[in-house]
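**Student:** So here's start-v3.txt (compact mmCIF, C-alpha atoms).
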# COMPACT_ATOMS: atom_id res chain seq x y z
CA MET A 1 95.09 106.84 100.32
CA SER A 2 91.74 107.71 101.82
CA TYR A 3 88.75 105.83 100.43
CA ALA A 4 85.04 106.63 100.61
CA PHE A 5 84.02 103.17 101.78
CA ASP A 6 80.37 102.42 102.38
CA PRO A 7 79.63 103.51 106.00
CA GLU A 8 78.60 99.99 106.97
CA LEU A 9 81.75 98.49 105.46
CA ALA A 10 84.23 101.03 106.85
CA PRO A 11 84.28 99.57 110.41
CA TRP A 12 85.39 96.24 108.97
CA VAL A 13 88.52 97.62 107.32
CA PRO A 14 90.70 97.88 110.47
CA MET A 15 89.74 94.30 111.38
CA ILE A 16 90.86 92.84 108.05
CA ASN A 17 94.30 91.27 108.28
CA ASP A 18 95.80 91.06 104.81
CA LEU A 19 97.34 87.67 104.12
CA PRO A 20 101.17 87.64 103.83
CA PHE A 21 101.42 87.01 100.09
CA THR A 22 105.20 87.57 100.21
CA ASP A 23 105.36 84.22 102.03
CA ILE A 24 102.97 81.82 100.28
CA ALA A 25 103.35 79.08 102.92
CA ALA A 26 102.49 81.54 105.69
CA ALA A 27 99.59 82.93 103.66
CA ARG A 28 98.16 79.45 103.16
CA ALA A 29 98.47 78.68 106.86
CA ALA A 30 96.72 81.94 107.76
CA GLU A 31 94.01 81.21 105.22
CA LYS A 32 93.31 77.84 106.82
CA VAL A 33 92.84 79.49 110.21
CA MET A 34 90.56 82.11 108.70
CA THR A 35 88.53 79.48 106.85
CA ALA A 36 88.04 77.45 110.01
CA ASN A 37 86.47 80.48 111.69
CA LEU A 38 84.04 81.35 108.90
CA PRO A 39 80.32 80.99 109.67
CA VAL A 40 78.63 78.16 107.77
CA TYR A 41 75.47 78.86 105.77
CA GLU A 42 72.47 76.85 106.93
CA PRO A 43 70.37 75.81 103.92
CA ALA A 44 66.61 75.87 104.21
CA ARG A 45 66.48 72.32 102.91
CA PRO A 46 69.09 69.59 102.68
CA VAL A 47 71.99 69.92 100.29
CA ASP A 48 73.93 66.74 99.61
CA VAL A 49 77.68 67.40 99.61
CA ARG A 50 80.17 64.81 98.40
CA SER A 51 83.72 64.73 97.14
CA ALA A 52 85.05 62.99 94.05
CA LEU A 53 88.17 62.63 91.93
CA VAL A 54 87.69 63.26 88.22
CA PRO A 55 90.06 62.66 85.30
CA GLY A 56 92.61 65.41 84.96
CA PRO A 57 94.38 66.79 81.92
CA GLU A 58 96.45 64.38 79.87
CA GLY A 59 99.56 63.42 81.80
CA ALA A 60 98.33 64.96 85.07
CA SER A 61 96.76 63.54 88.19
CA GLN A 62 93.05 63.45 88.96
CA VAL A 63 91.30 66.65 89.95
CA PRO A 64 89.46 66.78 93.30
CA VAL A 65 85.95 68.24 93.14
CA ARG A 66 83.20 68.85 95.68
CA ILE A 67 79.63 68.39 94.46
CA TYR A 68 76.62 70.19 95.96
CA THR A 69 73.21 68.78 95.06
CA PRO A 70 70.01 70.37 96.41
CA VAL A 71 67.80 67.59 97.75
CA GLY A 72 64.23 67.79 96.55
CA ALA A 73 64.78 70.68 94.13
CA GLU A 74 62.30 70.69 91.29
CA ALA A 75 63.97 69.76 88.03
CA ALA A 76 62.60 71.15 84.78
CA GLY A 77 62.81 68.67 81.93
CA SER A 78 66.04 66.70 81.99
CA GLY A 79 67.62 68.00 85.19
CA LEU A 80 68.72 70.92 87.30
CA PRO A 81 70.97 73.76 86.20
CA GLY A 82 74.65 73.18 86.86
CA LEU A 83 77.53 75.47 87.80
CA VAL A 84 81.19 74.48 87.63
CA TYR A 85 82.73 76.85 90.19
CA LEU A 86 86.34 78.00 90.55
CA HIS A 87 87.49 79.49 93.86
CA GLY A 88 89.53 82.66 94.30
CA GLY A 89 92.92 83.15 95.92
CA GLY A 90 95.13 84.93 93.40
CA TYR A 91 95.98 81.61 91.71
CA VAL A 92 98.20 80.79 94.72
CA LEU A 93 95.72 80.30 97.59
CA GLY A 94 92.21 79.02 98.05
CA SER A 95 90.32 75.75 98.22
CA PRO A 96 86.74 74.49 98.12
CA ASP A 97 86.64 74.96 101.90
CA PHE A 98 86.91 78.74 101.62
CA CYS A 99 83.83 79.08 99.40
CA HIS A 100 81.84 76.26 101.03
CA SER A 101 79.09 78.47 102.47
CA ASP A 102 78.71 80.44 99.26
CA LEU A 103 78.16 77.27 97.28
CA LEU A 104 75.73 75.84 99.81
CA ARG A 105 73.74 79.05 99.33
CA ILE A 106 73.80 78.77 95.55
CA ALA A 107 72.73 75.13 95.63
CA ASP A 108 69.96 75.98 98.10
CA GLN A 109 68.62 79.26 96.77
CA VAL A 110 69.25 78.82 93.05
CA GLY A 111 68.42 75.13 93.02
CA ALA A 112 71.54 74.28 91.03
CA VAL A 113 74.04 71.45 91.19
CA VAL A 114 77.45 73.01 91.91
CA VAL A 115 80.77 71.35 91.11
CA SER A 116 83.57 73.09 93.04
CA VAL A 117 87.03 72.48 91.55
CA ASP A 118 90.17 72.10 93.67
CA TYR A 119 92.55 73.06 90.85
CA ARG A 120 96.34 73.09 91.19
CA LEU A 121 97.93 76.28 92.50
CA ALA A 122 101.00 78.34 91.63
CA PRO A 123 103.89 78.74 92.21
CA GLU A 124 104.26 74.96 92.38
CA HIS A 125 101.95 74.60 89.39
CA PRO A 126 101.98 77.73 87.21
CA PHE A 127 99.83 78.35 84.14
CA PRO A 128 98.34 76.36 82.47
CA ALA A 129 97.92 73.76 85.26
CA GLY A 130 94.99 75.43 87.03
CA LEU A 131 93.28 76.24 83.75
CA GLU A 132 93.60 72.72 82.39
CA ASP A 133 92.32 71.24 85.67
CA SER A 134 89.31 73.55 85.49
CA TYR A 135 88.59 72.67 81.89
CA ALA A 136 88.91 68.95 82.66
CA ALA A 137 86.37 69.31 85.48
CA LEU A 138 83.95 71.09 83.14
CA VAL A 139 84.31 68.35 80.52
CA TRP A 140 83.71 65.74 83.21
CA ALA A 141 80.61 67.53 84.53
CA ALA A 142 79.15 67.81 81.05
CA GLY A 143 79.90 64.16 80.29
CA HIS A 144 78.33 63.01 83.57
CA ALA A 145 75.38 65.42 83.52
CA ALA A 146 72.75 62.70 83.81
CA GLU A 147 74.54 61.08 86.75
CA LEU A 148 74.87 64.47 88.47
CA GLY A 149 71.26 65.43 87.81
CA ILE A 150 72.31 68.35 85.58
CA ASP A 151 70.49 69.53 82.49
CA PRO A 152 73.38 69.76 79.98
CA ALA A 153 71.61 72.65 78.26
CA ARG A 154 71.85 74.69 81.47
CA LEU A 155 75.50 74.34 82.41
CA ALA A 156 77.57 77.37 83.46
CA ILE A 157 81.15 78.17 84.38
CA GLY A 158 81.85 80.69 87.13
CA GLY A 159 84.13 81.92 89.84
CA ASP A 160 85.29 84.86 91.91
CA SER A 161 88.55 86.83 91.76
CA ALA A 162 91.21 84.49 90.38
CA GLY A 163 88.40 81.98 89.94
CA GLY A 164 86.57 84.56 87.87
CA GLY A 165 89.70 84.91 85.75
CA LEU A 166 89.89 81.15 85.33
CA ALA A 167 86.20 80.97 84.44
CA THR A 168 86.76 83.62 81.78
CA ALA A 169 89.70 81.64 80.39
CA VAL A 170 87.74 78.37 80.47
CA ALA A 171 84.99 80.00 78.40
CA LEU A 172 87.60 81.09 75.85
CA LEU A 173 89.22 77.65 75.86
CA THR A 174 85.87 75.88 75.50
CA ARG A 175 85.09 78.01 72.45
CA ALA A 176 88.48 77.20 70.90
CA ARG A 177 88.29 73.45 71.58
CA GLY A 178 84.62 73.00 70.75
CA GLY A 179 84.01 71.92 74.34
CA PRO A 180 80.78 71.70 76.32
CA ALA A 181 78.07 74.21 75.51
CA LEU A 182 77.82 76.87 78.23
CA ARG A 183 74.61 78.64 79.13
CA MET A 184 76.44 81.47 80.92
CA GLN A 185 79.65 82.61 82.58
CA TYR A 186 79.57 84.09 86.08
CA LEU A 187 82.54 86.43 86.62
CA GLY A 188 82.78 87.89 90.12
CA VAL A 189 85.50 90.59 90.48
CA PRO A 190 87.51 88.71 87.83
CA MET A 191 91.32 88.80 87.73
CA LEU A 192 92.00 89.22 84.02
CA ASP A 193 95.01 91.37 83.16
CA ASP A 194 98.66 90.73 84.03
CA ARG A 195 99.77 94.07 82.56
CA LEU A 196 98.49 95.99 85.64
CA GLU A 197 98.03 99.20 83.65
CA THR A 198 94.41 100.18 84.32
CA PRO A 199 93.69 103.34 86.35
CA SER A 200 92.25 101.32 89.26
CA MET A 201 95.24 98.97 89.33
CA ARG A 202 97.70 101.86 89.31
CA ALA A 203 95.81 103.81 91.98
CA PHE A 204 94.85 101.19 94.56
CA THR A 205 98.14 100.22 96.16
CA ASP A 206 96.88 99.90 99.74
CA THR A 207 93.26 98.77 99.53
CA PRO A 208 92.17 95.97 101.89
CA VAL A 209 92.19 92.31 100.83
CA TRP A 210 93.56 93.01 97.33
CA ASN A 211 95.90 95.70 96.02
CA ARG A 212 98.54 96.25 93.36
CA PRO A 213 101.53 94.82 95.32
CA ILE A 214 99.59 91.60 95.93
CA ALA A 215 98.57 91.46 92.27
CA GLU A 216 102.21 91.76 91.19
CA ILE A 217 103.22 88.81 93.39
CA CYS A 218 100.34 86.57 92.32
CA TRP A 219 100.64 87.22 88.60
CA SER A 220 104.38 86.54 88.74
CA HIS A 221 103.77 83.20 90.47
CA TYR A 222 100.97 82.22 88.09
CA LEU A 223 102.94 83.03 84.95
CA GLY A 224 106.04 81.24 86.17
CA GLY A 225 108.30 84.15 87.06
CA GLU A 226 108.32 87.91 87.48
CA GLY A 227 110.05 88.50 84.17
CA ARG A 228 107.10 87.19 82.19
CA ARG A 229 104.39 89.33 83.80
CA GLY A 230 103.31 92.10 81.45
CA GLY A 231 105.51 90.79 78.65
CA PRO A 232 104.51 90.21 75.03
CA ASP A 233 104.28 86.40 75.18
CA VAL A 234 101.53 86.03 77.81
CA PRO A 235 98.61 84.17 76.16
CA ALA A 236 94.98 85.21 76.47
CA TYR A 237 94.21 81.88 78.16
CA ALA A 238 96.41 83.07 81.05
CA ALA A 239 95.26 86.71 81.03
CA PRO A 240 91.88 86.90 79.25
CA ALA A 241 91.99 90.70 78.97
CA ARG A 242 94.47 90.07 76.15
CA ALA A 243 91.93 88.14 74.05
CA ALA A 244 91.33 89.93 70.75
CA ASP A 245 88.06 88.23 69.78
CA LEU A 246 85.24 87.83 72.30
CA SER A 247 82.51 86.86 69.86
CA GLY A 248 80.59 83.64 70.33
CA LEU A 249 81.14 83.47 74.07
CA PRO A 250 78.32 82.60 76.49
CA PRO A 251 76.24 85.35 78.15
CA ALA A 252 78.00 86.88 81.13
CA PHE A 253 77.17 88.19 84.59
CA VAL A 254 79.99 90.42 85.84
CA TYR A 255 80.32 92.39 89.06
CA VAL A 256 83.08 94.67 90.29
CA CYS A 257 83.81 96.79 93.37
CA GLU A 258 84.57 100.52 93.35
CA PHE A 259 87.78 100.40 95.42
CA ASP A 260 89.23 97.22 93.95
CA PRO A 261 92.29 97.21 91.66
CA LEU A 262 90.42 94.67 89.52
CA ARG A 263 87.55 97.11 88.90
CA ASP A 264 88.59 98.50 85.53
CA GLU A 265 89.70 95.26 83.92
CA GLY A 266 86.35 93.69 84.82
CA MET A 267 84.39 96.66 83.49
CA SER A 268 86.46 96.80 80.31
CA TYR A 269 85.99 93.10 79.65
CA ALA A 270 82.23 93.39 80.18
CA GLN A 271 82.08 96.33 77.77
CA ARG A 272 84.05 94.42 75.16
CA LEU A 273 81.73 91.43 75.54
CA VAL A 274 78.75 93.68 74.79
CA GLN A 275 80.54 95.16 71.80
CA ALA A 276 81.19 91.63 70.54
CA GLY A 277 77.48 90.83 70.67
CA VAL A 278 77.56 88.85 73.92
CA THR A 279 74.64 89.43 76.27
CA THR A 280 76.26 90.84 79.41
CA GLU A 281 75.07 92.15 82.76
CA LEU A 282 77.48 94.36 84.72
CA HIS A 283 77.19 95.56 88.33
CA LEU A 284 79.47 98.14 89.94
CA TYR A 285 78.99 98.48 93.69
CA PRO A 286 79.89 101.90 95.16
CA GLY A 287 81.89 102.10 98.36
CA THR A 288 82.97 98.47 98.21
CA PHE A 289 86.35 96.76 98.14
CA HIS A 290 87.52 93.29 97.14
CA GLY A 291 85.78 90.72 99.32
CA SER A 292 82.95 93.02 100.43
CA VAL A 293 80.43 90.43 99.28
CA GLY A 294 81.47 88.19 102.15
CA LEU A 295 80.94 90.68 105.00
CA PRO A 296 77.80 89.97 107.04
CA GLY A 297 75.21 92.42 108.29
CA THR A 298 75.65 95.20 105.73
CA ALA A 299 73.04 96.30 103.22
CA ILE A 300 75.49 96.56 100.32
CA SER A 301 76.86 93.04 100.89
CA GLN A 302 73.34 91.64 101.11
CA ALA A 303 72.49 93.41 97.85
CA MET A 304 75.58 91.91 96.19
CA VAL A 305 74.67 88.39 97.28
CA SER A 306 71.07 88.88 96.16
CA ASP A 307 72.14 90.15 92.75
CA VAL A 308 74.50 87.20 92.23
CA LEU A 309 71.82 84.67 93.14
CA ASP A 310 69.25 86.40 90.94
CA GLY A 311 71.72 86.65 88.07
CA LEU A 312 72.44 82.94 88.28
CA ARG A 313 68.74 82.12 88.40
CA ARG A 314 68.00 84.22 85.35
CA GLY A 315 71.09 83.12 83.47
CA LEU A 316 70.31 79.47 84.10
CA ARG A 317 66.55 79.97 83.93
CA ALA A 318 66.14 78.42 87.33
CA ARG A 319 63.24 79.00 89.66
CA SER A 320 63.81 80.73 92.96
CA THR A 321 63.74 78.25 95.82
CA ARG A 322 62.85 80.93 98.35
How does this structure look as structure tokens?
**Tutor:**
Amino acid sequence: MSYAFDPELAPWVPMINDLPFTDIAAARAAEKVMTANLPVYEPARPVDVRSALVPGPEGASQVPVRIYTPVGAEAAGSGLPGLVYLHGGGYVLGSPDFCHSDLLRIADQVGAVVVSVDYRLAPEHPFPAGLEDSYAALVWAAGHAAELGIDPARLAIGGDSAGGGLATAVALLTRARGGPALRMQYLGVPMLDDRLETPSMRAFTDTPVWNRPIAEICWSHYLGGEGRRGGPDVPAYAAPARAADLSGLPPAFVYVCEFDPLRDEGMSYAQRLVQAGVTTELHLYPGTFHGSVGLPGTAISQAMVSDVLDGLRRGLRARSTR
């Protein structure tokens, strides 16, 4: 298909090499090379970065996390806002390394403590492994808020792509289990629906970075086999678009891209949140595709980053540090 990409984004499209999702080992190797070549954000003031192992779900191993703490940020009351962040990668790829610069920026410019979760990946660890790891990290962060310098009343869950899907599921799971109180949920281009029936998912079979064939592979791995994808027994904690009741969830910041198969499921979920009485902010960026937020030197990407940072500040009631 021909797509009306933003004129500043269009030159990037031929340079984007889609990862070989049909071979997960090869895709992970290619991702490591790509990650090593990413530019690193330079914070305006120091951000302390450290790694830790936190208790995992019952019967599972510890969960690695990476903690970003802005040095010298002004805390209001009992601490800084906190964000438990879940990386993208279609539930089969990704690591804290890939989103390192993004989280340095959030810690620096939002003035928040960020806990980045290295959750287990499919196909080796299908649902609910990644979800339970993410929830365990949230529970740990809330329980160690004072040690981390986090105000427990300003704790959020968030992520992008598959991480946005996990963040959505964690919010649902936290509501069901009576878990930590969440100030907001940040859902960037969230991956929410295994049924793959929305107009955008049906139409966008060859878009860069993410498209329907890739979605089919990743959902099948995450759900433990191709035969389960789209079937009647997939729980809402795996595919949050299936959740019937969205009431009582934390306020949400959602953004989607025009030429992204995930566009319609994100927009639909945001609309349903509003209808359920959940304060929700939705951004749709014209001319963009999955991953556009990470492309440097374009006005639309800069606007996307600015909106995310501002949304986090407002959602967490944090002062701008710039």
**Student:** Work out how far CA of Pro180 in chain A is from CA of Glu58 in chain A, in Å to one decimal.
**Tutor:** 17.7 Å
**Student:** Nearest residue to Gln62 in chain A out of A:Asp102, A:Pro39, A:Ala25, A:Ala129, using only C-alpha atoms?
**Tutor:**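 Among the listed residues, the smallest separation from Gln62 in chain A belongs to A:Ala129.
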**Student:** Here's a test: counting all atoms listed in the file, identify every protein, DNA and RNA residue with an atom at most 12 Å from (86.7, 64.7, 93.8) in the file's coordinate frame, and state them as a VMD selection string.
**Tutor:** chain A and resid 49 to 56 61 to 68 96 115 to 119 133 137 140 to 141
**Student:** So that I have them on file, write out the residues from the current selection with C-alpha atoms, as a JSON list (two decimals), keeping the file's coordinate frame.
**Tutor:**
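Result went into selection-v3.json, see below:
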[["chain", "number", "residue", "atom", "x", "y", "z"],
["A", 49, "VAL", "CA", 77.68, 67.40, 99.61],
["A", 50, "ARG", "CA", 80.17, 64.81, 98.40],
["A", 51, "SER", "CA", 83.72, 64.73, 97.14],
["A", 52, "ALA", "CA", 85.05, 62.99, 94.05],
["A", 53, "LEU", "CA", 88.17, 62.63, 91.93],
["A", 54, "VAL", "CA", 87.69, 63.26, 88.22],
["A", 55, "PRO", "CA", 90.06, 62.66, 85.30],
["A", 56, "GLY", "CA", 92.61, 65.41, 84.96],
["A", 61, "SER", "CA", 96.76, 63.54, 88.19],
["A", 62, "GLN", "CA", 93.05, 63.45, 88.96],
["A", 63, "VAL", "CA", 91.30, 66.65, 89.95],
["A", 64, "PRO", "CA", 89.46, 66.78, 93.30],
["A", 65, "VAL", "CA", 85.95, 68.24, 93.14],
["A", 66, "ARG", "CA", 83.20, 68.85, 95.68],
["A", 67, "ILE", "CA", 79.63, 68.39, 94.46],
["A", 68, "TYR", "CA", 76.62, 70.19, 95.96],
["A", 96, "PRO", "CA", 86.74, 74.49, 98.12],
["A", 115, "VAL", "CA", 80.77, 71.35, 91.11],
["A", 116, "SER", "CA", 83.57, 73.09, 93.04],
["A", 117, "VAL", "CA", 87.03, 72.48, 91.55],
["A", 118, "ASP", "CA", 90.17, 72.10, 93.67],
["A", 119, "TYR", "CA", 92.55, 73.06, 90.85],
["A", 133, "ASP", "CA", 92.32, 71.24, 85.67],
["A", 137, "ALA", "CA", 86.37, 69.31, 85.48],
["A", 140, "TRP", "CA", 83.71, 65.74, 83.21],
["A", 141, "ALA", "CA", 80.61, 67.53, 84.53]]
**Student:** Find, counting only C-alpha atoms, the residue in A:Tyr85, A:Tyr269, A:Tyr91, A:Tyr135 that gets nearest to Asp193 in chain A.
**Tutor:**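 Checking each candidate against Asp193 in chain A, we get A:Tyr269 as the closest.
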**Student:** Place a sphere of radius 12 Å on (68.3, 86.2, 85.5) in the file coordinates and name every protein, DNA or RNA residue with an atom inside or on its surface, counting all atoms listed in the file; give the answer as a list in words.
**Tutor:**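 Result, sorted by chain then residue number: Val110, Arg183, Met184, Tyr186, Pro251, Ala252, Phe253, Thr279, Thr280, Glu281, Ser306, Asp307, Val308, Leu309, Asp310, Gly311, Leu312, Arg313, Arg314, Gly315, Leu316, Arg317, Ala318, Arg319 and Ser320 of chain A.
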**Student:** So, with only C-alpha atoms as the atoms that count, which of A:Trp219, A:Trp210, A:Tyr41, A:Phe204 lies closest to Val92 in chain A?
**Tutor:**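 Among the listed residues, A:Trp219 lies closest to Val92 in chain A.
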**Student:** Using CA of Asp108 in chain A and CA of Gly149 in chain A as the two end points, give the distance in Å to one decimal.
**Tutor:** 14.8 Å
**Student:** Would you work out the distance separating CA of Leu173 in chain A from CA of Asp264 in chain A, expressed in Å to one decimal?
**Tutor:**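 Straight-line distance from CA of Leu173 in chain A to CA of Asp264 in chain A works out to 23.0 Å.
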**Student:** Which of these residues is nearest to Val234 in chain A, using only C-alpha atoms: A:Ser268, A:Ala176, A:Ala181, A:Phe127?
**Tutor:**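 Checking each candidate against Val234 in chain A, we get A:Phe127 as the closest.
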**Student:** Measuring between all atoms listed in the file, which one of A:Pro213, A:Gly297, A:Pro286, A:Gly224 shows the shortest distance to Tyr3 in chain A?
**Tutor:**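 Once distances to Tyr3 in chain A are computed over all atoms listed in the file, the minimum belongs to A:Pro286.
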**Student:** Could you pull the residues within 10 Å of range 27-32 of chain A, counting all atoms listed in the file, minus those fewer than 4 positions along the same chain, as a list in words?
**Tutor:**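 Residues meeting the cut-off are Asn17, Asp18, Leu19, Pro20, Phe21, Thr22, Asp23, Ala36, Asn37, Gly89, Val92, Leu93, Gly94, Ser95, Asp97 and Phe98 of chain A.
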**Student:** Just checking: using only C-alpha atoms, which residue out of A:Leu80, A:Val254, A:Val33, A:Ala303 ends up closest to Asp151 in chain A?
**Tutor:**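 When distances to Asp151 in chain A are compared using only C-alpha atoms, the smallest one comes from A:Leu80.
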**Student:** Would you pick out the contacts of range 156-164 of chain A at 7 Å or less, using all atoms listed in the file, so that residues sharing its chain but fewer than 6 positions from it are not included, and give the list as JSON, numbers by chain?
**Tutor:** {"A": [82, 83, 84, 85, 86, 87, 88, 89, 90, 91, 182, 183, 184, 185, 186, 187, 188, 189, 190, 191]}
**Student:** Write out as a list in words the residues lying within 9 Å of Asp6 in chain A, counting all atoms listed in the file and excluding same-chain residues fewer than 5 positions away.
**Tutor:** Pro286, Gly287, Thr288 and Ile300 of chain A
